[in-house]
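Peer 1: Input start.txt, format and content: compact mmCIF, C-alpha atoms and all ligand atoms.
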# COMPACT_ATOMS: atom_id res chain seq x y z
CA MET Z 1 68.62 13.23 27.95
CA SER Z 2 70.06 9.80 27.38
CA GLU Z 3 67.79 7.62 29.50
CA ALA Z 4 65.65 6.34 26.60
CA PRO Z 5 66.67 4.31 23.52
CA ARG Z 6 67.98 6.43 20.64
CA ASP Z 7 64.84 6.20 18.46
CA ILE Z 8 62.64 7.24 21.37
CA GLU Z 9 65.05 9.97 22.47
CA ASN Z 10 65.02 11.34 18.92
CA LEU Z 11 61.21 11.42 18.93
CA ILE Z 12 61.16 13.19 22.32
CA GLU Z 13 63.59 15.85 21.04
CA LEU Z 14 61.46 16.52 17.94
CA MET Z 15 58.25 16.63 19.97
CA ALA Z 16 59.83 19.10 22.41
CA LYS Z 17 60.20 21.57 19.51
CA LEU Z 18 56.43 21.90 19.17
CA PRO Z 19 54.93 25.10 20.56
CA GLY Z 20 53.21 24.34 23.85
CA LEU Z 21 55.28 21.24 24.64
CA GLY Z 22 58.41 21.46 26.79
CA PRO Z 23 60.83 18.57 27.45
CA ARG Z 24 58.72 17.16 30.29
CA SER Z 25 55.43 17.16 28.38
CA ALA Z 26 57.23 15.82 25.29
CA ARG Z 27 58.43 12.83 27.34
CA ARG Z 28 54.93 12.21 28.67
CA ALA Z 29 53.44 12.56 25.19
CA VAL Z 30 55.91 10.02 23.76
CA LEU Z 31 55.19 7.49 26.52
CA TYR Z 32 51.49 7.97 25.80
CA LEU Z 33 52.14 7.40 22.08
CA ILE Z 34 54.06 4.19 22.80
CA ARG Z 35 51.21 2.90 24.97
CA LYS Z 36 48.68 3.84 22.27
CA ARG Z 37 50.75 2.60 19.36
CA ALA Z 38 47.96 1.22 17.19
CA LEU Z 39 45.33 3.75 18.18
CA VAL Z 40 47.33 6.99 18.06
CA LEU Z 41 51.02 6.63 17.17
CA THR Z 42 50.69 4.91 13.79
CA PRO Z 43 47.71 7.05 12.64
CA LEU Z 44 49.59 10.18 13.74
CA ALA Z 45 52.73 9.19 11.81
CA ASP Z 46 50.56 8.53 8.74
CA ALA Z 47 48.67 11.83 9.14
CA MET Z 48 51.94 13.76 9.38
CA GLN Z 49 53.26 12.02 6.29
CA ALA Z 50 50.07 12.94 4.41
CA VAL Z 51 50.24 16.59 5.46
CA ALA Z 52 53.97 16.76 4.67
CA GLU Z 53 53.16 15.58 1.15
CA THR Z 54 50.06 17.67 0.44
CA ALA Z 55 50.07 20.88 2.50
CA ARG Z 56 50.96 24.07 0.68
CA GLU Z 57 50.10 27.76 0.65
CA CYS Z 58 47.13 29.01 -1.36
CA VAL Z 59 48.62 31.14 -4.15
CA THR Z 60 45.75 33.61 -3.92
CA CYS Z 61 45.27 34.20 -0.18
CA GLY Z 62 48.07 32.43 1.73
CA ASN Z 63 45.74 30.05 3.59
CA VAL Z 64 46.99 26.49 4.09
CA SER Z 65 45.66 24.22 1.40
CA THR Z 66 46.10 20.85 -0.21
CA SER Z 67 45.84 22.32 -3.70
CA ASP Z 68 47.10 25.47 -5.43
CA ARG Z 69 44.04 27.46 -4.41
CA CYS Z 70 42.37 26.87 -1.03
CA ASP Z 71 38.82 25.64 -0.41
CA ILE Z 72 37.66 29.15 0.48
CA CYS Z 73 39.13 30.78 -2.64
CA VAL Z 74 37.50 28.22 -4.96
CA SER Z 75 34.16 27.98 -3.11
CA GLU Z 76 31.19 29.25 -5.11
CA LYS Z 77 29.36 29.84 -1.83
CA ARG Z 78 31.72 32.57 -0.67
CA SER Z 79 30.94 36.14 -1.67
CA THR Z 80 33.58 37.69 -3.89
CA GLY Z 81 33.25 41.32 -2.87
CA GLU Z 82 34.90 41.26 0.58
CA ILE Z 83 38.38 40.35 1.73
CA CYS Z 84 39.22 39.84 5.40
CA VAL Z 85 42.89 40.46 6.22
CA VAL Z 86 44.39 38.32 9.03
CA GLU Z 87 47.88 37.96 10.41
CA ASP Z 88 48.11 34.17 10.23
CA VAL Z 89 46.14 31.03 9.42
CA ALA Z 90 45.22 30.45 13.09
CA ASP Z 91 43.38 33.80 12.95
CA LEU Z 92 41.64 32.76 9.71
CA TRP Z 93 40.47 29.57 11.45
CA ALA Z 94 39.24 31.65 14.42
CA MET Z 95 37.21 33.83 12.00
CA GLU Z 96 35.80 30.71 10.32
CA ARG Z 97 34.79 29.22 13.69
CA ALA Z 98 32.87 32.45 14.41
CA GLY Z 99 31.09 31.63 11.13
CA LEU Z 100 29.79 35.11 10.33
CA PHE Z 101 32.16 36.22 7.57
CA LYS Z 102 31.28 34.82 4.16
CA GLY Z 103 33.87 36.51 1.94
CA ARG Z 104 37.48 35.58 1.23
CA TYR Z 105 40.79 36.16 2.99
CA HIS Z 106 44.25 37.58 2.71
CA VAL Z 107 46.76 36.00 5.13
CA LEU Z 108 49.66 38.37 5.81
CA GLY Z 109 51.89 35.83 7.52
CA GLY Z 110 53.03 38.41 10.08
CA THR Z 111 53.07 42.15 10.69
CA LEU Z 112 55.23 45.00 9.43
CA SER Z 113 58.38 45.26 11.52
CA ALA Z 114 61.33 47.56 10.90
CA LEU Z 115 63.30 45.61 13.53
CA ASP Z 116 62.83 42.24 11.82
CA ALA Z 117 63.03 43.83 8.34
CA VAL Z 118 59.49 42.71 7.42
CA GLY Z 119 58.24 45.02 4.67
CA PRO Z 120 54.95 45.27 2.73
CA GLU Z 121 56.19 42.84 0.01
CA ASP Z 122 56.91 40.17 2.64
CA LEU Z 123 53.27 40.35 3.74
CA GLY Z 124 51.88 40.34 0.18
CA ILE Z 125 50.36 43.81 0.60
CA PRO Z 126 51.00 44.87 -3.06
CA ARG Z 127 49.31 41.58 -4.07
CA LEU Z 128 46.34 42.46 -1.82
CA VAL Z 129 46.03 45.89 -3.49
CA GLN Z 130 46.14 44.19 -6.90
CA ARG Z 131 43.38 41.75 -5.86
CA VAL Z 132 41.23 44.68 -4.72
CA VAL Z 133 41.61 46.33 -8.14
CA ASP Z 134 41.37 43.19 -10.30
CA ASP Z 135 38.43 41.57 -8.46
CA ASN Z 136 36.47 44.76 -7.90
CA ILE Z 137 36.50 44.31 -4.10
CA SER Z 138 34.04 46.60 -2.30
CA GLU Z 139 35.27 46.14 1.29
CA VAL Z 140 38.47 45.05 3.05
CA ILE Z 141 37.99 44.10 6.72
CA LEU Z 142 41.16 44.31 8.80
CA ALA Z 143 41.03 41.58 11.47
CA LEU Z 144 44.51 42.13 12.88
CA ASN Z 145 45.56 41.61 16.47
CA ALA Z 146 45.05 44.58 18.79
CA THR Z 147 48.82 44.89 19.30
CA VAL Z 148 51.08 47.81 18.35
CA ASP Z 149 52.48 45.88 15.35
CA GLY Z 150 49.03 44.72 14.31
CA GLN Z 151 47.60 48.23 14.42
CA THR Z 152 50.63 49.76 12.62
CA THR Z 153 50.12 47.23 9.85
CA ALA Z 154 46.38 47.94 9.76
CA HIS Z 155 47.02 51.69 9.30
CA TYR Z 156 49.56 51.03 6.53
CA ILE Z 157 47.10 48.80 4.64
CA ALA Z 158 44.26 51.31 5.12
CA ASP Z 159 46.49 54.02 3.58
CA GLU Z 160 47.42 51.82 0.61
CA LEU Z 161 43.76 51.04 -0.08
CA GLU Z 162 42.50 54.58 0.32
CA GLY Z 163 40.13 55.51 -2.50
CA ARG Z 164 40.06 51.96 -3.86
CA CYS Z 165 37.46 50.37 -1.55
CA LEU Z 166 35.85 50.62 1.87
CA VAL Z 167 38.26 49.64 4.65
CA SER Z 168 36.97 48.61 8.08
CA SER Z 169 38.37 46.88 11.13
CA LEU Z 170 36.97 44.67 13.91
CA ALA Z 171 35.30 46.60 16.72
CA GLN Z 172 37.24 46.85 19.94
CA GLY Z 173 35.43 46.42 23.25
CA VAL Z 174 34.53 44.17 26.12
CA PRO Z 175 34.59 40.47 25.08
CA ILE Z 176 31.36 38.49 25.58
CA GLY Z 177 31.39 37.26 29.18
CA GLY Z 178 34.35 39.53 29.94
CA GLU Z 179 34.62 40.97 33.43
CA LEU Z 180 35.79 44.58 33.56
CA ASP Z 181 37.98 43.78 36.54
CA TYR Z 182 40.11 41.50 34.35
CA LEU Z 183 40.39 43.81 31.33
CA ASP Z 184 43.27 46.15 30.67
CA GLU Z 185 42.74 49.92 30.58
CA GLY Z 186 43.16 50.11 26.80
CA THR Z 187 40.24 47.76 26.22
CA ILE Z 188 38.02 49.59 28.68
CA SER Z 189 38.90 52.97 27.14
CA ALA Z 190 38.19 51.64 23.65
CA ALA Z 191 34.86 50.18 24.80
CA LEU Z 192 33.91 53.47 26.44
CA SER Z 193 34.80 55.55 23.37
CA ALA Z 194 32.77 53.23 21.15
CA ARG Z 195 29.82 53.07 23.59
CA LYS Z 196 26.39 52.51 22.07
CA ARG Z 197 23.10 53.94 23.09
CA MET Z 198 20.78 51.28 24.44
CA MET I 1 36.30 22.01 13.38
CA SER I 2 35.88 22.09 9.64
CA GLU I 3 37.86 25.18 8.68
CA ALA I 4 40.98 23.31 7.52
CA PRO I 5 41.38 20.77 4.67
CA ARG I 6 40.55 17.18 5.68
CA ASP I 7 44.17 15.92 5.94
CA ILE I 8 45.13 18.85 8.14
CA GLU I 9 41.95 18.56 10.23
CA ASN I 10 42.69 14.88 10.77
CA LEU I 11 46.22 15.72 11.96
CA ILE I 12 44.88 18.40 14.33
CA GLU I 13 42.40 15.92 15.83
CA LEU I 14 45.11 13.32 16.44
CA MET I 15 47.49 15.90 17.92
CA ALA I 16 44.75 17.13 20.26
CA LYS I 17 44.70 13.65 21.85
CA LEU I 18 48.22 14.10 23.18
CA PRO I 19 48.48 14.84 26.90
CA GLY I 20 49.30 18.52 27.39
CA LEU I 21 47.82 19.65 24.05
CA GLY I 22 44.25 20.87 23.79
CA PRO I 23 42.45 21.75 20.52
CA ARG I 24 43.93 25.27 20.41
CA SER I 25 47.53 24.23 20.98
CA ALA I 26 47.06 21.31 18.56
CA ARG I 27 46.03 23.81 15.85
CA ARG I 28 49.04 26.01 16.58
CA ALA I 29 51.36 22.99 16.61
CA VAL I 30 50.06 21.81 13.23
CA LEU I 31 50.49 25.27 11.66
CA TYR I 32 54.03 25.30 13.06
CA LEU I 33 54.63 21.85 11.54
CA ILE I 34 53.39 22.98 8.13
CA ARG I 35 55.70 26.02 8.24
CA LYS I 36 58.61 23.78 9.29
CA ARG I 37 57.82 20.96 6.91
CA ALA I 38 61.38 19.95 5.98
CA LEU I 39 62.95 20.76 9.34
CA VAL I 40 60.38 19.27 11.73
CA LEU I 41 57.29 17.71 10.13
CA THR I 42 58.97 15.12 7.90
CA PRO I 43 61.59 14.13 10.53
CA LEU I 44 58.81 13.86 13.14
CA ALA I 45 56.69 11.62 10.88
CA ASP I 46 59.75 9.42 10.27
CA ALA I 47 60.64 9.30 13.99
CA MET I 48 57.09 8.25 14.87
CA GLN I 49 57.17 5.55 12.22
CA ALA I 50 60.49 4.26 13.62
CA VAL I 51 59.20 4.18 17.20
CA ALA I 52 55.92 2.55 16.10
CA GLU I 53 57.97 -0.21 14.50
CA THR I 54 60.58 -0.77 17.21
CA ALA I 55 59.25 0.22 20.64
CA ARG I 56 58.22 -2.56 22.99
CA GLU I 57 58.22 -3.41 26.69
CA CYS I 58 61.31 -4.98 28.29
CA VAL I 59 60.24 -8.50 29.29
CA THR I 60 62.31 -8.31 32.48
CA CYS I 61 61.54 -4.89 33.93
CA GLY I 62 58.76 -3.25 31.87
CA ASN I 63 60.92 -0.31 30.69
CA VAL I 64 60.39 0.87 27.10
CA SER I 65 62.93 -0.72 24.82
CA THR I 66 63.75 -1.38 21.20
CA SER I 67 64.69 -4.99 21.93
CA ASP I 68 63.31 -7.79 24.16
CA ARG I 69 65.40 -6.67 27.12
CA CYS I 70 66.11 -2.98 27.73
CA ASP I 71 69.50 -1.24 27.75
CA ILE I 72 69.53 -1.12 31.56
CA CYS I 73 68.71 -4.81 32.01
CA VAL I 74 71.48 -5.89 29.60
CA SER I 75 74.10 -3.33 30.73
CA GLU I 76 77.16 -4.89 32.38
CA LYS I 77 77.77 -1.57 34.12
CA ARG I 78 74.62 -1.77 36.25
CA SER I 79 74.86 -3.53 39.58
CA THR I 80 72.70 -6.65 39.81
CA GLY I 81 71.89 -6.63 43.52
CA GLU I 82 69.36 -3.77 43.70
CA ILE I 83 66.00 -3.23 42.08
CA CYS I 84 64.25 0.16 42.11
CA VAL I 85 60.45 -0.10 41.81
CA VAL I 86 58.73 2.77 39.96
CA GLU I 87 55.14 3.37 38.88
CA ASP I 88 55.85 4.19 35.25
CA VAL I 89 58.60 4.77 32.71
CA ALA I 90 58.50 8.55 33.20
CA ASP I 91 59.51 7.92 36.84
CA LEU I 92 62.31 5.57 35.69
CA TRP I 93 63.60 8.37 33.43
CA ALA I 94 63.40 10.84 36.32
CA MET I 95 65.52 8.45 38.46
CA GLU I 96 68.02 8.06 35.59
CA ARG I 97 68.32 11.84 35.21
CA ALA I 98 69.17 12.06 38.91
CA GLY I 99 71.96 9.62 37.99
CA LEU I 100 72.63 8.21 41.45
CA PHE I 101 70.98 4.79 41.23
CA LYS I 102 73.11 2.19 39.46
CA GLY I 103 70.98 -0.95 39.83
CA ARG I 104 68.04 -2.18 37.77
CA TYR I 105 64.33 -1.45 37.72
CA HIS I 106 60.86 -2.89 37.98
CA VAL I 107 58.17 -0.77 36.28
CA LEU I 108 54.75 -1.45 37.79
CA GLY I 109 52.74 0.36 35.12
CA GLY I 110 50.35 1.75 37.75
CA THR I 111 49.30 1.25 41.36
CA LEU I 112 47.03 -1.19 43.15
CA SER I 113 43.43 -0.04 42.90
CA ALA I 114 40.37 -1.94 44.08
CA LEU I 115 38.20 0.60 42.27
CA ASP I 116 39.88 0.06 38.87
CA ALA I 117 40.37 -3.67 39.57
CA VAL I 118 44.16 -3.41 39.36
CA GLY I 119 45.63 -6.33 41.31
CA PRO I 120 49.20 -7.46 42.09
CA GLU I 121 49.40 -9.60 38.91
CA ASP I 122 48.54 -6.58 36.74
CA LEU I 123 51.57 -4.78 38.18
CA GLY I 124 53.90 -7.77 37.84
CA ILE I 125 54.43 -8.00 41.62
CA PRO I 126 54.67 -11.84 41.65
CA ARG I 127 57.27 -11.48 38.85
CA LEU I 128 59.18 -8.95 41.00
CA VAL I 129 59.20 -11.39 43.94
CA GLN I 130 60.47 -14.13 41.62
CA ARG I 131 63.27 -11.84 40.35
CA VAL I 132 64.29 -11.08 43.94
CA VAL I 133 64.58 -14.81 44.67
CA ASP I 134 66.14 -15.89 41.36
CA ASP I 135 68.67 -13.06 41.07
CA ASN I 136 69.62 -12.99 44.72
CA ILE I 137 68.58 -9.33 45.10
CA SER I 138 69.82 -7.73 48.32
CA GLU I 139 67.72 -4.54 48.29
CA VAL I 140 64.48 -3.32 46.71
CA ILE I 141 64.07 0.47 46.72
CA LEU I 142 60.46 1.64 46.42
CA ALA I 143 60.39 4.92 44.45
CA LEU I 144 56.62 5.29 44.27
CA ASN I 145 54.71 8.54 44.23
CA ALA I 146 53.82 10.00 47.62
CA THR I 147 50.11 9.52 46.94
CA VAL I 148 47.65 7.31 48.81
CA ASP I 149 47.65 4.70 45.99
CA GLY I 150 51.44 4.85 45.69
CA GLN I 151 51.94 4.31 49.39
CA THR I 152 49.32 1.50 49.59
CA THR I 153 51.16 -0.27 46.78
CA ALA I 154 54.51 0.30 48.51
CA HIS I 155 53.22 -1.30 51.72
CA TYR I 156 51.83 -4.27 49.81
CA ILE I 157 55.16 -4.87 48.03
CA ALA I 158 57.11 -4.48 51.31
CA ASP I 159 54.90 -7.16 52.87
CA GLU I 160 55.39 -9.53 49.93
CA LEU I 161 59.17 -9.13 50.11
CA GLU I 162 59.44 -9.44 53.89
CA GLY I 163 62.26 -11.81 54.86
CA ARG I 164 63.52 -12.05 51.26
CA CYS I 165 65.57 -8.85 51.00
CA LEU I 166 66.03 -5.38 52.43
CA VAL I 167 63.17 -3.06 51.38
CA SER I 168 63.61 0.73 51.50
CA SER I 169 61.78 3.75 50.12
CA LEU I 170 62.76 7.25 49.04
CA ALA I 171 63.07 9.75 51.88
CA GLN I 172 60.26 12.28 52.18
CA GLY I 173 61.07 15.90 52.97
CA VAL I 174 61.54 19.43 51.68
CA PRO I 175 62.67 19.42 48.01
CA ILE I 176 65.96 21.16 47.20
CA GLY I 177 65.16 24.85 46.72
CA GLY I 178 61.68 24.25 48.12
CA GLU I 179 60.04 27.08 50.04
CA LEU I 180 58.08 26.00 53.09
CA ASP I 181 55.39 28.49 52.25
CA TYR I 182 54.58 26.55 49.06
CA LEU I 183 54.66 23.05 50.56
CA ASP I 184 51.62 21.15 51.78
CA GLU I 185 51.27 20.18 55.43
CA GLY I 186 51.97 16.49 54.78
CA THR I 187 55.39 17.25 53.33
CA ILE I 188 56.27 19.59 56.17
CA SER I 189 55.15 17.04 58.78
CA ALA I 190 57.14 14.28 57.07
CA ALA I 191 60.20 16.51 56.91
CA LEU I 192 59.85 17.40 60.58
CA SER I 193 59.46 13.76 61.67
CA ALA I 194 62.52 12.76 59.65
CA ARG I 195 64.57 15.76 60.82
CA LYS I 196 68.32 15.29 61.01
CA ARG I 197 70.74 16.65 63.56
CA MET I 198 73.14 19.14 62.00
ZN ZN Q 201 42.94 30.90 -0.71
ZN ZN Q 202 64.57 -3.93 31.41
Let me see the file written as structure tokens.

Peer 2:
Amino acid sequence: MSEAPRDIENLIELMAKLPGLGPRSARRAVLYLIRKRALVLTPLADAMQAVAETARECVTCGNVSTSDRCDICVSEKRSTGEICVVEDVADLWAMERAGLFKGRYHVLGGTLSALDAVGPEDLGIPRLVQRVVDDNISEVILALNATVDGQTTAHYIADELEGRCLVSSLAQGVPIGGELDYLDEGTISAALSARKRM
Amino acid sequence: MSEAPRDIENLIELMAKLPGLGPRSARRAVLYLIRKRALVLTPLADAMQAVAETARECVTCGNVSTSDRCDICVSEKRSTGEICVVEDVADLWAMERAGLFKGRYHVLGGTLSALDAVGPEDLGIPRLVQRVVDDNISEVILALNATVDGQTTAHYIADELEGRCLVSSLAQGVPIGGELDYLDEGTISAALSARKRM
């Protein structure tokens, strides 16, 4: 690409690195930004600068934060007896949007993977076990993705925590509004096995 | 959305305004940016700042530029006898990627629309006519979208330029690699009408 001035080309190339934006949508986004300079471009540049300066990882749970410990870890309103384990911060946000869970989190930052040499230390699993012991945690809820890697990691964590606290995981089944016709066999089988009497 | 710290929430909301990014992809993009702070986030904030400060519209053709007149309008390598009329800068970039056209441009910034009260002055059509006269333009190539509004605008411009220069428009037909099965009837009809002897 060399059809735009260098500054604009540079911005397009950086935007194209974002997940969900290819080169074409990056070009359209940049033209939009130029048209909305005062309303969007300048505020966006400022917001990125602010996040670049303040965003960090919560030392306790791994959530994104603007201080050493995240809002959830320091909140007096959150119960201290349960920890929900998630793969990444997007999953933590999804749990928070659901709004039901009122305990605290542990963000793994990935899943165990022999291929990518990701071991328990890389995911902070020893630190999770230590939290369970130190903070007298009664229940750890595993909210990992229903993938092979997610479930392997869930089993490993359940083994590590055995005898130290209750360990549970999200129920598998038909999503609300889900049509059977669109669901894979694994989901249907899991929903059938976990069927409930009405 | 209130699950992230305020600075990060603010960034997500601004990102979600970009064309092609909804709330979910904006959240994922922001998490990616935080992970790639040094490599992507800070350079992106800087690039946006630079574009916010320098980007403007070329006074001659309407292209985006970092000076009063764009690179194409000031280039000695571009021929001065032809003007290609496009709807927006993304279309100008698409023409430049094709690499065949070596003249200059006129960017309309839209199409005529009675409904949205977009008239010829809003698209700089009188200015285009003046350029044709002043610069002794021999040919105006209309590279407008093959939509109803695009073609209405093309006919209006062709009428305005009648007797002043040659006016042509991009050929319509089957795109390279295009499969008939996936093309709409209008394209197939246009390609049939404009068929060429082999
Ligand atoms: Zn935390
Ligand atoms: Zn120009």

Peer 1: Give as a list in words the residues surrounding ligand ZN 201 (chain Q) up to a distance of 9 Å, considering all atoms listed in the file.

Peer 2: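 Residues satisfying the distance criterion: Glu57, Cys58, Val59, Thr60, Cys61, Gly62, Asn63, Val64, Ser65, Asp68, Arg69, Cys70, Asp71, Ile72, Cys73, Val74, Arg104, Tyr105, His106 and Val107 of chain Z.
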
Peer 1: Would you compute an axis-aligned box for range 31-46 of chain I, covering every atom listed for it in the file with 4 Å of margin on each side, and report centre and edge lengths in Å to one decimal as AutoDock Vina command-line options?

Peer 2:
--center_x 56.7 --center_y 17.7 --center_z 9.6 --size_x 20.5 --size_y 24.6 --size_z 15.2

Peer 1: Of the candidates I:Leu41, I:Leu108, I:Ala29, I:Met48, which shows the shortest atom-to-atom distance to ligand ZN 202 (chain Q), using only C-alpha atoms and all ligand atoms?

Peer 2: I:Leu108

Peer 1: Enumerate, in order of chain and increasing residue number, the residues of chain I with an atom no farther than 9 Å from chain Z, each with its shortest atom pair and distance in Å to one decimal, counting only C-alpha atoms, as a Markdown table.

Peer 2:
| residue | atom | partner | partner_atom | distance |
| --- | --- | --- | --- | --- |
| I:Met1 | CA | Z:Arg97 | CA | 7.4 |
| I:Ser2 | CA | Z:Arg97 | CA | 8.3 |
| I:Glu3 | CA | Z:Trp93 | CA | 5.8 |
| I:Ala4 | CA | Z:Trp93 | CA | 7.4 |
| I:Pro5 | CA | Z:Ser65 | CA | 6.4 |
| I:Arg6 | CA | Z:Thr66 | CA | 8.9 |
| I:Asp7 | CA | Z:Val51 | CA | 6.1 |
| I:Ile8 | CA | Z:Val51 | CA | 6.2 |
| I:Asn10 | CA | Z:Ala47 | CA | 6.9 |
| I:Leu11 | CA | Z:Ala47 | CA | 5.4 |
| I:Leu14 | CA | Z:Leu44 | CA | 6.1 |
| I:Met15 | CA | Z:Leu44 | CA | 7.4 |
| I:Lys17 | CA | Z:Val40 | CA | 8.1 |
| I:Leu18 | CA | Z:Ala29 | CA | 5.8 |
| I:Pro19 | CA | Z:Ala29 | CA | 5.7 |
| I:Gly20 | CA | Z:Ser25 | CA | 6.4 |
| I:Leu21 | CA | Z:Gly20 | CA | 7.1 |
| I:Ser25 | CA | Z:Gly20 | CA | 6.4 |
| I:Ala26 | CA | Z:Gly20 | CA | 8.7 |
| I:Arg27 | CA | Z:Ala90 | CA | 7.2 |
| I:Arg28 | CA | Z:Ala90 | CA | 6.8 |
| I:Ala29 | CA | Z:Pro19 | CA | 5.7 |
| I:Val30 | CA | Z:Leu18 | CA | 8.7 |
| I:Leu31 | CA | Z:Ala90 | CA | 7.5 |
| I:Tyr32 | CA | Z:Leu18 | CA | 7.4 |
| I:Leu33 | CA | Z:Leu18 | CA | 7.8 |
| I:Ile34 | CA | Z:Ala55 | CA | 6.9 |
| I:Arg37 | CA | Z:Ala52 | CA | 6.1 |
| I:Ala38 | CA | Z:Ala52 | CA | 8.2 |
| I:Val40 | CA | Z:Leu14 | CA | 6.9 |
| I:Leu41 | CA | Z:Ala52 | CA | 6.5 |
| I:Thr42 | CA | Z:Ala52 | CA | 6.2 |
| I:Pro43 | CA | Z:Leu14 | CA | 7.8 |
| I:Leu44 | CA | Z:Leu14 | CA | 6.1 |
| I:Ala45 | CA | Z:Ala45 | CA | 4.7 |
| I:Asp46 | CA | Z:Ala45 | CA | 7.2 |
| I:Ala47 | CA | Z:Leu11 | CA | 5.4 |
| I:Met48 | CA | Z:Ala45 | CA | 5.4 |
| I:Gln49 | CA | Z:Ala45 | CA | 5.8 |
| I:Ala50 | CA | Z:Asp7 | CA | 6.8 |
| I:Val51 | CA | Z:Asp7 | CA | 6.1 |
| I:Ala52 | CA | Z:Arg37 | CA | 6.1 |
| I:Glu53 | CA | Z:Thr42 | CA | 8.9 |
| I:Thr54 | CA | Z:Asp7 | CA | 8.3 |
| I:Ala55 | CA | Z:Ile34 | CA | 6.9 |
| I:Arg56 | CA | Z:Ile34 | CA | 7.9 |
| I:Val64 | CA | Z:Ala4 | CA | 7.6 |
| I:Ser65 | CA | Z:Pro5 | CA | 6.4 |
| I:Thr66 | CA | Z:Pro5 | CA | 6.8 |
| I:Cys70 | CA | Z:Pro5 | CA | 8.4 |
| I:Asp71 | CA | Z:Pro5 | CA | 7.5 |
| I:Val89 | CA | Z:Leu31 | CA | 7.6 |
| I:Ala90 | CA | Z:Arg28 | CA | 6.8 |
| I:Leu92 | CA | Z:Glu3 | CA | 8.5 |
| I:Trp93 | CA | Z:Glu3 | CA | 5.8 |
| I:Ala94 | CA | Z:Glu3 | CA | 8.7 |
| I:Glu96 | CA | Z:Glu3 | CA | 6.1 |
| I:Arg97 | CA | Z:Glu3 | CA | 7.1 |

Peer 1: Could the residues in this selection be written to a file with C-alpha atoms, as an mmCIF file, in the coordinates of the input?

Peer 2:
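Full text of part38.cif as output:
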data_model
loop_
_atom_site.group_PDB
_atom_site.id
_atom_site.type_symbol
_atom_site.label_atom_id
_atom_site.label_comp_id
_atom_site.auth_asym_id
_atom_site.auth_seq_id
_atom_site.Cartn_x
_atom_site.Cartn_y
_atom_site.Cartn_z
ATOM 1 C CA MET I 1 36.300 22.010 13.380
ATOM 2 C CA SER I 2 35.880 22.090 9.640
ATOM 3 C CA GLU I 3 37.860 25.180 8.680
ATOM 4 C CA ALA I 4 40.980 23.310 7.520
ATOM 5 C CA PRO I 5 41.380 20.770 4.670
ATOM 6 C CA ARG I 6 40.550 17.180 5.680
ATOM 7 C CA ASP I 7 44.170 15.920 5.940
ATOM 8 C CA ILE I 8 45.130 18.850 8.140
ATOM 9 C CA ASN I 10 42.690 14.880 10.770
ATOM 10 C CA LEU I 11 46.220 15.720 11.960
ATOM 11 C CA LEU I 14 45.110 13.320 16.440
ATOM 12 C CA MET I 15 47.490 15.900 17.920
ATOM 13 C CA LYS I 17 44.700 13.650 21.850
ATOM 14 C CA LEU I 18 48.220 14.100 23.180
ATOM 15 C CA PRO I 19 48.480 14.840 26.900
ATOM 16 C CA GLY I 20 49.300 18.520 27.390
ATOM 17 C CA LEU I 21 47.820 19.650 24.050
ATOM 18 C CA SER I 25 47.530 24.230 20.980
ATOM 19 C CA ALA I 26 47.060 21.310 18.560
ATOM 20 C CA ARG I 27 46.030 23.810 15.850
ATOM 21 C CA ARG I 28 49.040 26.010 16.580
ATOM 22 C CA ALA I 29 51.360 22.990 16.610
ATOM 23 C CA VAL I 30 50.060 21.810 13.230
ATOM 24 C CA LEU I 31 50.490 25.270 11.660
ATOM 25 C CA TYR I 32 54.030 25.300 13.060
ATOM 26 C CA LEU I 33 54.630 21.850 11.540
ATOM 27 C CA ILE I 34 53.390 22.980 8.130
ATOM 28 C CA ARG I 37 57.820 20.960 6.910
ATOM 29 C CA ALA I 38 61.380 19.950 5.980
ATOM 30 C CA VAL I 40 60.380 19.270 11.730
ATOM 31 C CA LEU I 41 57.290 17.710 10.130
ATOM 32 C CA THR I 42 58.970 15.120 7.900
ATOM 33 C CA PRO I 43 61.590 14.130 10.530
ATOM 34 C CA LEU I 44 58.810 13.860 13.140
ATOM 35 C CA ALA I 45 56.690 11.620 10.880
ATOM 36 C CA ASP I 46 59.750 9.420 10.270
ATOM 37 C CA ALA I 47 60.640 9.300 13.990
ATOM 38 C CA MET I 48 57.090 8.250 14.870
ATOM 39 C CA GLN I 49 57.170 5.550 12.220
ATOM 40 C CA ALA I 50 60.490 4.260 13.620
ATOM 41 C CA VAL I 51 59.200 4.180 17.200
ATOM 42 C CA ALA I 52 55.920 2.550 16.100
ATOM 43 C CA GLU I 53 57.970 -0.210 14.500
ATOM 44 C CA THR I 54 60.580 -0.770 17.210
ATOM 45 C CA ALA I 55 59.250 0.220 20.640
ATOM 46 C CA ARG I 56 58.220 -2.560 22.990
ATOM 47 C CA VAL I 64 60.390 0.870 27.100
ATOM 48 C CA SER I 65 62.930 -0.720 24.820
ATOM 49 C CA THR I 66 63.750 -1.380 21.200
ATOM 50 C CA CYS I 70 66.110 -2.980 27.730
ATOM 51 C CA ASP I 71 69.500 -1.240 27.750
ATOM 52 C CA VAL I 89 58.600 4.770 32.710
ATOM 53 C CA ALA I 90 58.500 8.550 33.200
ATOM 54 C CA LEU I 92 62.310 5.570 35.690
ATOM 55 C CA TRP I 93 63.600 8.370 33.430
ATOM 56 C CA ALA I 94 63.400 10.840 36.320
ATOM 57 C CA GLU I 96 68.020 8.060 35.590
ATOM 58 C CA ARG I 97 68.320 11.840 35.210
#

Peer 1: Identify which of the residues I:Ala117, I:Ala146, I:Ile83, I:Ala154 lies closest to Val132 in chain I, counting all atoms listed in the file when measuring atom-to-atom distances.

Peer 2: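 Closest to Val132 in chain I, using all atoms listed in the file: I:Ile83.
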